[in-house]
>>> print(open('query.cif').read())   # mmCIF, C-alpha atoms and all ligand atoms
data_upload
loop_
_atom_site.label_atom_id
_atom_site.label_comp_id
_atom_site.auth_asym_id
_atom_site.auth_seq_id
_atom_site.Cartn_x
_atom_site.Cartn_y
_atom_site.Cartn_z
CA MET A 1 0.00 0.00 0.00
CA LYS A 2 3.02 2.29 0.54
CA LYS A 3 3.32 2.81 -3.20
CA LYS A 4 -0.36 3.71 -3.50
CA ILE A 5 -0.74 6.26 -0.71
CA GLY A 6 0.83 9.73 -0.62
CA PHE A 7 0.47 12.60 1.83
CA ILE A 8 0.21 16.36 1.43
CA ALA A 9 1.28 17.83 4.76
CA ILE A 10 0.24 21.44 5.37
CA GLY A 11 1.32 23.73 8.21
CA GLN A 12 2.96 22.82 11.50
CA ALA A 13 0.80 19.90 12.61
CA GLY A 14 0.66 18.56 9.03
CA GLY A 15 4.46 18.74 8.83
CA ASN A 16 4.97 16.95 12.15
CA ILE A 17 2.65 14.08 11.23
CA GLY A 18 3.87 13.99 7.61
CA ARG A 19 7.46 13.49 8.74
CA LEU A 20 6.50 10.35 10.62
CA PHE A 21 4.97 8.94 7.44
CA GLU A 22 8.04 9.89 5.42
CA GLU A 23 10.29 8.15 7.98
CA ARG A 24 8.24 5.03 7.32
CA GLY A 25 8.80 5.15 3.58
CA PHE A 26 5.80 7.09 2.24
CA SER A 27 5.95 9.95 -0.26
CA VAL A 28 5.11 13.24 1.43
CA LEU A 29 4.87 16.75 -0.02
CA TYR A 30 5.08 19.51 2.59
CA LEU A 31 3.27 22.77 1.85
CA ASN A 32 3.41 25.95 3.86
CA THR A 33 2.76 29.64 3.44
CA SER A 34 5.75 30.34 5.68
CA LYS A 35 9.27 29.73 4.29
CA GLU A 36 10.71 29.72 7.81
CA ASP A 37 8.35 26.95 8.91
CA LEU A 38 9.31 24.87 5.85
CA GLN A 39 12.99 25.34 6.64
CA THR A 40 12.49 23.79 10.08
CA LEU A 41 11.67 20.50 8.32
CA LYS A 42 15.11 18.94 8.14
CA ASN A 43 15.95 15.97 5.92
CA VAL A 44 12.66 15.82 4.09
CA LYS A 45 12.47 15.28 0.34
CA HIS A 46 9.73 17.45 -1.08
CA THR A 47 8.76 20.88 0.20
CA TYR A 48 6.83 23.61 -1.59
CA HIS A 49 6.41 27.19 -0.48
CA ILE A 50 3.00 28.52 -1.53
CA ALA A 51 3.78 31.58 -3.65
CA GLY A 52 3.38 34.97 -2.03
CA GLY A 53 2.98 33.53 1.44
CA ASP A 54 4.60 34.84 4.56
CA GLY A 55 2.74 32.78 7.17
CA CYS A 56 -0.93 33.16 8.00
CA HIS A 57 -1.06 33.94 11.72
CA LYS A 58 -4.07 31.72 12.26
CA ASP A 59 -5.97 33.46 9.45
CA ARG A 60 -7.77 30.87 7.33
CA LEU A 61 -8.85 33.34 4.68
CA THR A 62 -5.30 34.45 3.89
CA ALA A 63 -4.36 30.79 3.47
CA LYS A 64 -7.26 30.17 1.08
CA ARG A 65 -6.41 33.20 -1.00
CA LEU A 66 -2.80 32.08 -1.36
CA VAL A 67 -3.82 28.55 -2.41
CA ALA A 68 -6.34 29.88 -4.90
CA GLU A 69 -3.73 32.13 -6.50
CA ASP A 70 -1.08 29.43 -6.68
CA PHE A 71 -3.26 26.37 -7.33
CA GLU A 72 -1.85 25.60 -10.82
CA ASN A 73 1.67 25.30 -9.37
CA ILE A 74 0.53 23.39 -6.29
CA SER A 75 -1.36 20.93 -8.46
CA ARG A 76 1.64 20.41 -10.75
CA GLU A 77 3.88 19.88 -7.74
CA ILE A 78 1.47 17.23 -6.37
CA GLN A 79 1.36 15.39 -9.70
CA GLU A 80 5.14 15.42 -10.00
CA LYS A 81 6.01 14.46 -6.46
CA LEU A 82 3.07 12.26 -5.48
CA ASN A 83 2.04 10.18 -8.43
CA VAL A 84 -0.27 7.91 -6.42
CA PRO A 85 -4.00 7.12 -6.52
CA ILE A 86 -4.69 7.64 -2.80
CA LEU A 87 -3.94 11.03 -1.30
CA TYR A 88 -4.42 12.23 2.25
CA VAL A 89 -4.13 15.90 3.09
CA ILE A 90 -2.83 16.37 6.66
CA PHE A 91 -3.54 19.60 8.56
CA SER A 92 -4.70 20.89 11.92
CA SER A 93 -8.19 22.37 11.96
CA GLY A 94 -7.33 24.98 14.62
CA GLY A 95 -4.45 26.81 12.90
CA GLY A 96 -4.50 29.20 9.93
CA THR A 97 -2.52 27.75 7.03
CA GLY A 98 -3.50 24.07 7.22
CA SER A 99 -7.06 24.71 8.34
CA GLY A 100 -7.64 27.27 5.58
CA CYS A 101 -5.93 25.36 2.77
CA GLY A 102 -6.93 21.80 3.68
CA PRO A 103 -10.64 21.60 2.79
CA MET A 104 -10.36 23.78 -0.34
CA LEU A 105 -7.39 21.80 -1.61
CA ILE A 106 -9.21 18.49 -1.04
CA ASP A 107 -12.23 19.80 -2.93
CA LEU A 108 -10.07 21.00 -5.84
CA LEU A 109 -8.04 17.78 -5.94
CA ALA A 110 -10.97 15.37 -5.58
CA GLU A 111 -12.21 16.02 -9.10
CA GLU A 112 -8.75 16.09 -10.59
CA ILE A 113 -7.60 12.84 -9.06
CA ALA A 114 -10.79 11.02 -10.04
CA GLU A 115 -10.20 12.10 -13.68
CA ARG A 116 -6.51 11.29 -13.63
CA THR A 117 -6.46 7.89 -11.93
CA ASP A 118 -8.70 4.88 -11.88
CA GLY A 119 -10.08 4.60 -8.36
CA GLY A 120 -8.20 7.66 -7.10
CA MET A 121 -9.33 9.35 -3.90
CA VAL A 122 -8.43 12.14 -1.53
CA GLY A 123 -9.15 12.13 2.20
CA ALA A 124 -8.34 14.24 5.25
CA ILE A 125 -6.18 13.71 8.31
CA THR A 126 -6.87 16.52 10.74
CA VAL A 127 -6.45 17.54 14.37
CA ILE A 128 -9.11 18.98 16.70
CA PRO A 129 -7.79 21.54 19.23
CA ASP A 130 -7.86 20.76 22.92
CA GLU A 131 -10.70 22.46 24.81
CA LYS A 132 -8.16 24.65 26.61
CA GLU A 133 -6.82 26.15 23.38
CA SER A 134 -7.68 29.66 22.22
CA VAL A 135 -11.03 30.92 21.01
CA LYS A 136 -9.46 31.47 17.59
CA ALA A 137 -8.40 27.80 17.43
CA GLN A 138 -11.98 26.72 18.21
CA ILE A 139 -13.46 29.07 15.60
CA ASN A 140 -11.02 27.84 12.95
CA CYS A 141 -11.79 24.24 13.81
CA TYR A 142 -15.53 24.74 13.55
CA GLU A 143 -15.23 26.49 10.21
CA CYS A 144 -12.82 23.89 8.91
CA PHE A 145 -15.21 21.02 9.73
CA THR A 146 -18.14 22.91 8.25
CA GLU A 147 -16.21 23.01 4.97
CA LEU A 148 -14.98 19.41 5.16
CA MET A 149 -18.48 18.08 5.74
CA ALA A 150 -19.76 19.88 2.65
CA ILE A 151 -17.26 18.33 0.22
CA ASP A 152 -19.02 15.78 -1.98
CA GLY A 153 -16.02 13.98 -3.40
CA ILE A 154 -14.03 13.57 -0.19
CA ALA A 155 -12.92 10.12 1.04
CA SER A 156 -12.51 9.35 4.75
CA THR A 157 -11.55 11.87 7.43
CA LEU A 158 -9.38 10.86 10.38
CA ALA A 159 -9.52 13.37 13.24
CA VAL A 160 -6.95 13.17 16.03
CA ASP A 161 -8.32 14.86 19.15
CA ASN A 162 -5.77 16.95 21.06
CA ALA A 163 -7.94 16.62 24.17
CA LYS A 164 -6.72 13.01 24.31
CA GLY A 165 -3.12 13.72 25.32
CA ASP A 166 0.29 15.05 24.39
CA LYS A 167 0.44 16.21 20.77
CA LEU A 168 3.64 14.50 19.72
CA SER A 169 2.62 11.27 21.40
CA LEU A 170 -0.76 11.47 19.64
CA ASN A 171 1.09 11.92 16.32
CA ARG A 172 3.09 8.75 16.92
CA GLN A 173 0.09 6.72 18.05
CA PHE A 174 -1.88 7.92 15.05
CA VAL A 175 0.77 7.03 12.48
CA SER A 176 1.31 3.65 14.10
CA ALA A 177 -2.45 2.88 14.02
CA PHE A 178 -2.73 3.94 10.38
CA MET A 179 0.30 1.83 9.43
CA ASP A 180 -1.03 -1.22 11.26
CA PHE A 181 -4.37 -0.88 9.52
CA ILE A 182 -3.04 -0.64 5.97
CA ALA A 183 -0.56 -3.47 6.68
CA ILE A 184 -3.39 -5.93 7.51
CA PRO A 185 -3.44 -7.58 4.03
CA ASP A 186 0.31 -8.33 4.29
CA GLN A 187 0.53 -9.08 8.01
CA CYS A 188 -2.65 -11.00 8.76
CA ARG A 189 -3.17 -14.06 6.58
CA ASP A 190 -5.52 -16.66 7.97
CA GLU A 191 -7.34 -19.61 6.45
CA ARG A 192 -10.53 -18.50 8.23
CA GLY A 193 -10.54 -15.26 6.23
CA ASN A 194 -8.40 -12.48 4.78
CA ILE A 195 -8.78 -8.77 4.33
CA ASP A 196 -7.43 -7.77 0.93
CA LYS A 197 -6.09 -4.44 -0.29
CA ALA A 198 -9.29 -3.63 -2.15
CA GLU A 199 -11.20 -3.92 1.13
CA ILE A 200 -8.77 -1.60 2.91
CA GLU A 201 -9.26 0.88 0.06
CA GLU A 202 -13.02 0.52 0.30
CA ALA A 203 -12.88 1.45 3.99
CA LEU A 204 -10.58 4.41 3.27
CA ARG A 205 -12.81 5.61 0.44
CA ALA A 206 -16.02 6.00 2.50
CA LYS A 207 -16.94 9.62 3.18
CA GLY A 208 -17.25 10.36 6.90
CA MET A 209 -15.06 9.66 9.88
CA LEU A 210 -12.66 6.75 10.10
CA VAL A 211 -11.41 5.46 13.43
CA ILE A 212 -8.75 2.80 14.01
CA THR A 213 -8.35 1.13 17.40
CA LYS A 214 -5.92 -1.44 18.75
CA VAL A 215 -6.02 -3.93 21.63
CA PRO A 216 -2.93 -6.07 22.42
CA VAL A 217 -3.47 -9.83 22.32
CA ARG A 218 -2.90 -10.23 26.09
CA ASP A 219 -5.84 -7.87 26.80
CA ASN A 220 -8.06 -9.07 24.00
CA THR A 221 -11.71 -9.55 24.97
CA THR A 222 -14.89 -8.32 23.32
CA ALA A 223 -15.33 -5.85 26.19
CA ALA A 224 -11.81 -4.46 25.65
CA VAL A 225 -12.48 -4.00 21.92
CA LEU A 226 -15.77 -2.20 22.66
CA GLY A 227 -13.88 -0.11 25.24
CA SER A 228 -11.32 0.85 22.58
CA PHE A 229 -14.12 2.56 20.61
CA ARG A 230 -14.60 4.92 23.56
CA GLU A 231 -10.96 5.32 24.62
CA ASN A 232 -8.75 6.19 21.69
CA ILE A 233 -6.87 9.10 20.15
CA PHE A 234 -9.63 10.16 17.77
CA ALA A 235 -12.55 12.56 18.18
CA PRO A 236 -15.35 10.72 20.03
CA ILE A 237 -17.56 8.62 17.77
CA GLU A 238 -20.95 10.21 17.21
CA PRO A 239 -23.52 8.05 19.05
CA ASP A 240 -26.00 7.95 16.15
CA ARG A 241 -24.87 4.49 14.97
CA VAL A 242 -24.21 5.69 11.42
CA ILE A 243 -21.52 3.41 9.98
CA ARG A 244 -20.51 1.99 6.60
CA TYR A 245 -17.73 -0.57 7.12
CA ILE A 246 -16.06 -2.51 9.87
CA ALA A 247 -12.63 -4.05 9.22
CA LEU A 248 -11.53 -6.34 12.03
CA ALA A 249 -8.28 -8.26 12.47
CA ALA A 250 -8.97 -10.08 15.72
CA ALA A 251 -6.25 -11.39 18.04
CA GLY A 252 -8.54 -14.01 19.62
CA THR A 253 -12.28 -14.00 20.05
CA VAL A 254 -14.28 -10.86 19.35
CA ASP A 255 -18.07 -11.05 19.27
CA VAL A 256 -19.04 -9.20 16.11
CA ASP A 257 -22.71 -8.97 17.14
CA ALA A 258 -21.61 -7.09 20.26
CA VAL A 259 -19.63 -4.73 18.00
CA TYR A 260 -22.79 -4.11 15.93
CA LYS A 261 -24.72 -3.39 19.13
CA GLU A 262 -22.10 -0.83 20.11
CA VAL A 263 -21.52 1.03 16.84
CA GLY A 264 -24.41 0.13 14.52
CA ILE A 265 -24.86 -2.22 11.59
CA PRO A 266 -22.46 -1.64 8.69
CA VAL A 267 -23.02 -2.29 4.99
CA ASP A 268 -20.13 -4.74 5.02
CA VAL A 269 -17.67 -6.35 7.42
CA PHE A 270 -14.13 -7.37 6.49
CA GLN A 271 -12.67 -9.91 8.87
CA THR A 272 -9.40 -11.66 9.50
CA TYR A 273 -7.22 -12.76 12.42
CA SER A 274 -4.02 -11.37 13.88
CA ASP A 275 -1.28 -12.75 16.17
CA LYS A 276 -0.27 -9.73 18.23
CA THR A 277 -2.94 -7.07 18.24
CA THR A 278 -6.64 -6.71 17.50
CA ILE A 279 -6.96 -3.94 14.94
CA CYS A 280 -10.41 -2.57 14.28
CA CYS A 281 -11.35 0.08 11.73
CA LEU A 282 -14.76 1.73 11.72
CA SER A 283 -15.42 3.81 8.62
CA GLY A 284 -18.19 5.89 7.10
CA LEU A 285 -19.07 7.12 10.60
CA ASN A 286 -20.90 10.39 10.92
CA TYR A 287 -18.94 13.58 11.56
CA PRO A 288 -18.23 14.15 15.29
CA LYS A 289 -21.09 16.59 15.83
CA THR A 290 -21.19 16.23 19.61
CA ARG A 291 -17.46 17.01 19.88
CA LEU A 292 -17.90 19.93 17.46
CA GLU A 293 -20.71 21.22 19.65
CA THR A 294 -18.13 21.66 22.45
CA VAL A 295 -15.84 23.43 19.98
CA TYR A 296 -18.71 25.75 19.05
CA LYS A 297 -19.54 26.49 22.68
CA LYS A 298 -15.88 27.29 23.43
CA ALA A 299 -15.74 29.50 20.33
CA VAL A 300 -18.72 31.64 21.27
CA GLU A 301 -18.58 31.47 25.07
CA HIS A 302 -16.57 34.68 25.45
CA GLN A 303 -17.86 36.27 22.27
CA GLU A 304 -19.33 39.36 23.90
CA LEU A 305 -16.31 40.09 26.03
CA ILE A 306 -13.87 39.63 23.14
CA LEU A 307 -15.90 41.85 20.83
CA LYS A 308 -16.22 44.47 23.54
CA ASN A 309 -12.46 44.48 23.99
CA MET A 310 -11.88 44.69 20.25
CA GLN A 311 -14.38 47.51 19.91
CA ALA A 312 -12.57 49.40 22.61
CA THR A 313 -9.63 49.82 20.23
CA SER A 314 -11.35 49.73 16.82
CA ALA A 315 -14.89 49.89 15.54
CA GLY A 316 -15.54 46.17 14.95
CA LYS A 317 -18.78 44.97 13.43
CA LEU A 318 -20.85 42.54 15.46
CA LYS A 319 -21.53 39.18 13.83
CA THR A 320 -23.51 36.40 15.35
CA ASP A 321 -22.14 33.36 13.51
CA VAL A 322 -19.17 31.37 14.77
CA ASN A 323 -16.66 33.50 12.95
CA PHE A 324 -17.37 36.62 14.90
CA LEU A 325 -13.76 37.78 14.55
CA SER A 326 -13.73 37.98 10.79
CA ALA A 327 -15.94 40.07 8.55
CA LYS A 328 -13.47 40.40 5.71
CA ALA A 329 -14.45 37.46 3.52
CA ALA A 330 -15.96 39.53 0.73
CA GLU A 331 -12.87 41.66 0.18
CA VAL A 332 -10.73 38.95 -1.43
CA THR A 333 -10.40 38.70 -5.21
CA PRO A 334 -9.84 35.14 -6.41
CA PRO A 335 -7.71 34.46 -9.52
CA LYS A 336 -8.89 33.58 -13.02
CA PRO A 337 -8.71 29.85 -14.00
CA LYS A 338 -11.51 27.48 -15.16
CA THR A 339 -15.06 28.57 -14.34
CA SER A 340 -15.98 25.62 -12.15
CA ARG A 341 -12.74 25.90 -10.23
CA LEU A 342 -13.22 29.61 -9.91
CA GLU A 343 -16.71 29.06 -8.52
CA LEU A 344 -15.36 26.58 -6.02
CA MET A 345 -12.65 28.99 -4.89
CA ARG A 346 -15.22 31.78 -4.56
CA LYS A 347 -17.41 29.59 -2.38
CA TYR A 348 -14.52 29.09 0.04
CA MET A 349 -13.98 32.80 0.25
CA GLY A 350 -17.62 33.48 1.05
CA GLN A 351 -18.32 35.23 -2.26
N1 LIG B 401 -1.68 16.61 17.42
C1 LIG B 401 -0.92 17.66 17.06
N2 LIG B 401 -1.43 18.90 17.10
C2 LIG B 401 -0.65 19.92 16.72
C3 LIG B 401 0.70 19.74 16.32
N3 LIG B 401 1.21 20.97 16.01
C4 LIG B 401 0.23 21.87 16.22
N4 LIG B 401 -0.91 21.25 16.64
C5 LIG B 401 -2.24 21.87 16.91
O1 LIG B 401 -2.59 22.55 15.70
C6 LIG B 401 -3.21 23.78 15.98
C7 LIG B 401 -2.33 24.89 15.46
O2 LIG B 401 -2.15 24.69 14.09
P1 LIG B 401 -0.76 24.67 13.30
O3 LIG B 401 -0.68 23.36 12.58
O4 LIG B 401 0.34 25.07 14.19
O5 LIG B 401 -1.09 25.85 12.28
P2 LIG B 401 -0.60 26.10 10.81
O6 LIG B 401 -1.37 25.24 9.86
O7 LIG B 401 0.90 25.99 10.75
O8 LIG B 401 -1.11 27.60 10.56
P3 LIG B 401 -0.58 29.04 11.03
O9 LIG B 401 -1.59 29.49 12.01
O10 LIG B 401 -0.62 29.81 9.77
O11 LIG B 401 0.81 28.85 11.58
C8 LIG B 401 -3.39 23.81 17.48
O12 LIG B 401 -4.67 23.25 17.76
C9 LIG B 401 -2.26 22.92 17.98
O13 LIG B 401 -2.56 22.33 19.23
C10 LIG B 401 1.21 18.41 16.28
O14 LIG B 401 2.35 18.13 15.92
N5 LIG B 401 0.34 17.41 16.65
MG MG B 402 2.32 27.49 11.16
#
>>> encode(input="query.cif", output="structure tokens", more="lines below")
Ligand SMILES: Nc1nc2c(ncn2[C@@H]2O[C@H](COP(=O)(O)OP(=O)(O)OP(=O)(O)O)[C@@H](O)[C@H]2O)c(=O)[nH]1
Ligand SMILES: [Mg+2]
Amino acid sequence: MKKKIGFIAIGQAGGNIGRLFEERGFSVLYLNTSKEDLQTLKNVKHTYHIAGGDGCHKDRLTAKRLVAEDFENISREIQEKLNVPILYVIFSSGGGTGSGCGPMLIDLLAEEIAERTDGGMVGAITVIPDEKESVKAQINCYECFTELMAIDGIASTLAVDNAKGDKLSLNRQFVSAFMDFIAIPDQCRDERGNIDKAEIEEALRAKGMLVITKVPVRDNTTAAVLGSFRENIFAPIEPDRVIRYIALAAAGTVDVDAVYKEVGIPVDVFQTYSDKTTICCLSGLNYPKTRLETVYKKAVEHQELILKNMQATSAGKLKTDVNFLSAKAAEVTPPKPKTSRLELMRKYMGQ
């Protein structure tokens, strides 16, 4: 699968996670609006500085404008450096550069990759800010997910939740879980059943959230596997029982009916057996609306105070939606390419 999957890593969080994939032999292209940030990525193969950028200071709109203006070059760079059918764009939802560029880039690439490759797809790997992070981080996250959810052609989204622990440790756990999942066809061969590469791809392709959990063989019980759906590094699973696929490599006995009872009934189940670790992937889950509700509450909780403080130094205009800090969307002029692409870019800039 290593030859089939490539990563576009945007911004700081994207870069940190992307590096771990590159260390494990994947092709990664690092994008940033800040040259300085790109230069901190030592010993990586492919970096690209988005033209005209000088960092985005948590401003999603600046990031979108820069991507729109430089999309032809970005797209060429992706085709040259990542000639693979499965792309994942990695970015944090709470920052400026990655959060602004990520969804728009996925939307622009989704059509292109479907035309260019047979069975091509583009998905998202993102990070949700911890509840203690700034109001701006929560606003950016909420806006980022609003955009991600609206993309028709998107494949799966994997959302690491920074409320679950130390960032760098979460990065490592995430990359290890992803690697273990895609290695199932090579690592887990059993006469009782196999999971093949096409099935892994099917799970990755499903729009919605994708969660991967692991339970070591010594702890393996059905209860522990069900527990792993609640305790993991990802945003909490929405309790509405919306699900498309379950892929399960069981290290011992796991009662699949109990799994259905916990997460809902999928369209299909892919099953095999493993020696060391139970690996379970749930895909086509609904977006984490309950978690995003907390993000929304954190974003607007101090709205009045923040606006009052801002108005004390400048005449800010009061807005009631989540992005109460920004009223500048309409001022940006997008560049000229194809009409449909232009329309798409305009949509992202609120025009
Ligand atoms: N899990 C994880 N989260 C990170 C990491 N680095 C930053 N974050 C989170 O990402 C958010 C900040 O986004 P960055 O990725 O730093 O932002 P950026 O895309 O570089 O955008 P700018 O604001 O323009 O610098 C915050 O919620 C951080 O907690 C990382 O390596 N791992
Ligand atoms: Mg940055």
>>> residues_around(input="query.cif", residues="stretch 180-189 of chain A", least_positions_apart="6", cutoff="12 Å", atoms="only C-alpha atoms", output="VMD selection string")
chain A and resid 1 to 5 24 173 to 174 195 to 204 210 to 215 246 to 251 270 to 282
>>> residues_near_ligand(input="query.cif", ligand="ligand LIG 401 (chain B)", cutoff="8 Å", atoms="all atoms listed in the file", output="ChimeraX atom specification")
/A:10-17,32-34,37,55-60,63,91-100,127-130,133,137,160-162,166-171
>>> atom_distance(input="query.cif", atom1="atom CA of A:Gly252", atom2="atom CA of A:Ile237")
24.4 Å
>>> atom_distance(input="query.cif", atom1="atom CA of A:Ala223", atom2="atom CA of A:Pro236")
17.7 Å
>>> atom_distance(input="query.cif", atom1="atom CA of A:Glu111", atom2="atom CA of A:Gly208")
17.7 Å
>>> closest_residue(input="query.cif", among="A:Ala114, A:Leu108, A:Ile125, A:Ala299", to="A:Ile151", atoms="all atoms listed in the file")
A:Leu108
>>> residues_around(input="query.cif", residues="A:Val263", least_positions_apart="3", cutoff="7 Å", atoms="only C-alpha atoms", output="list in words")
Arg241, Val259 and Tyr260 of chain A
>>> closest_residue(input="query.cif", among="A:Met179, A:Met209, A:Met121, A:Val217", to="A:Ala235", atoms="all atoms listed in the file")
A:Met209
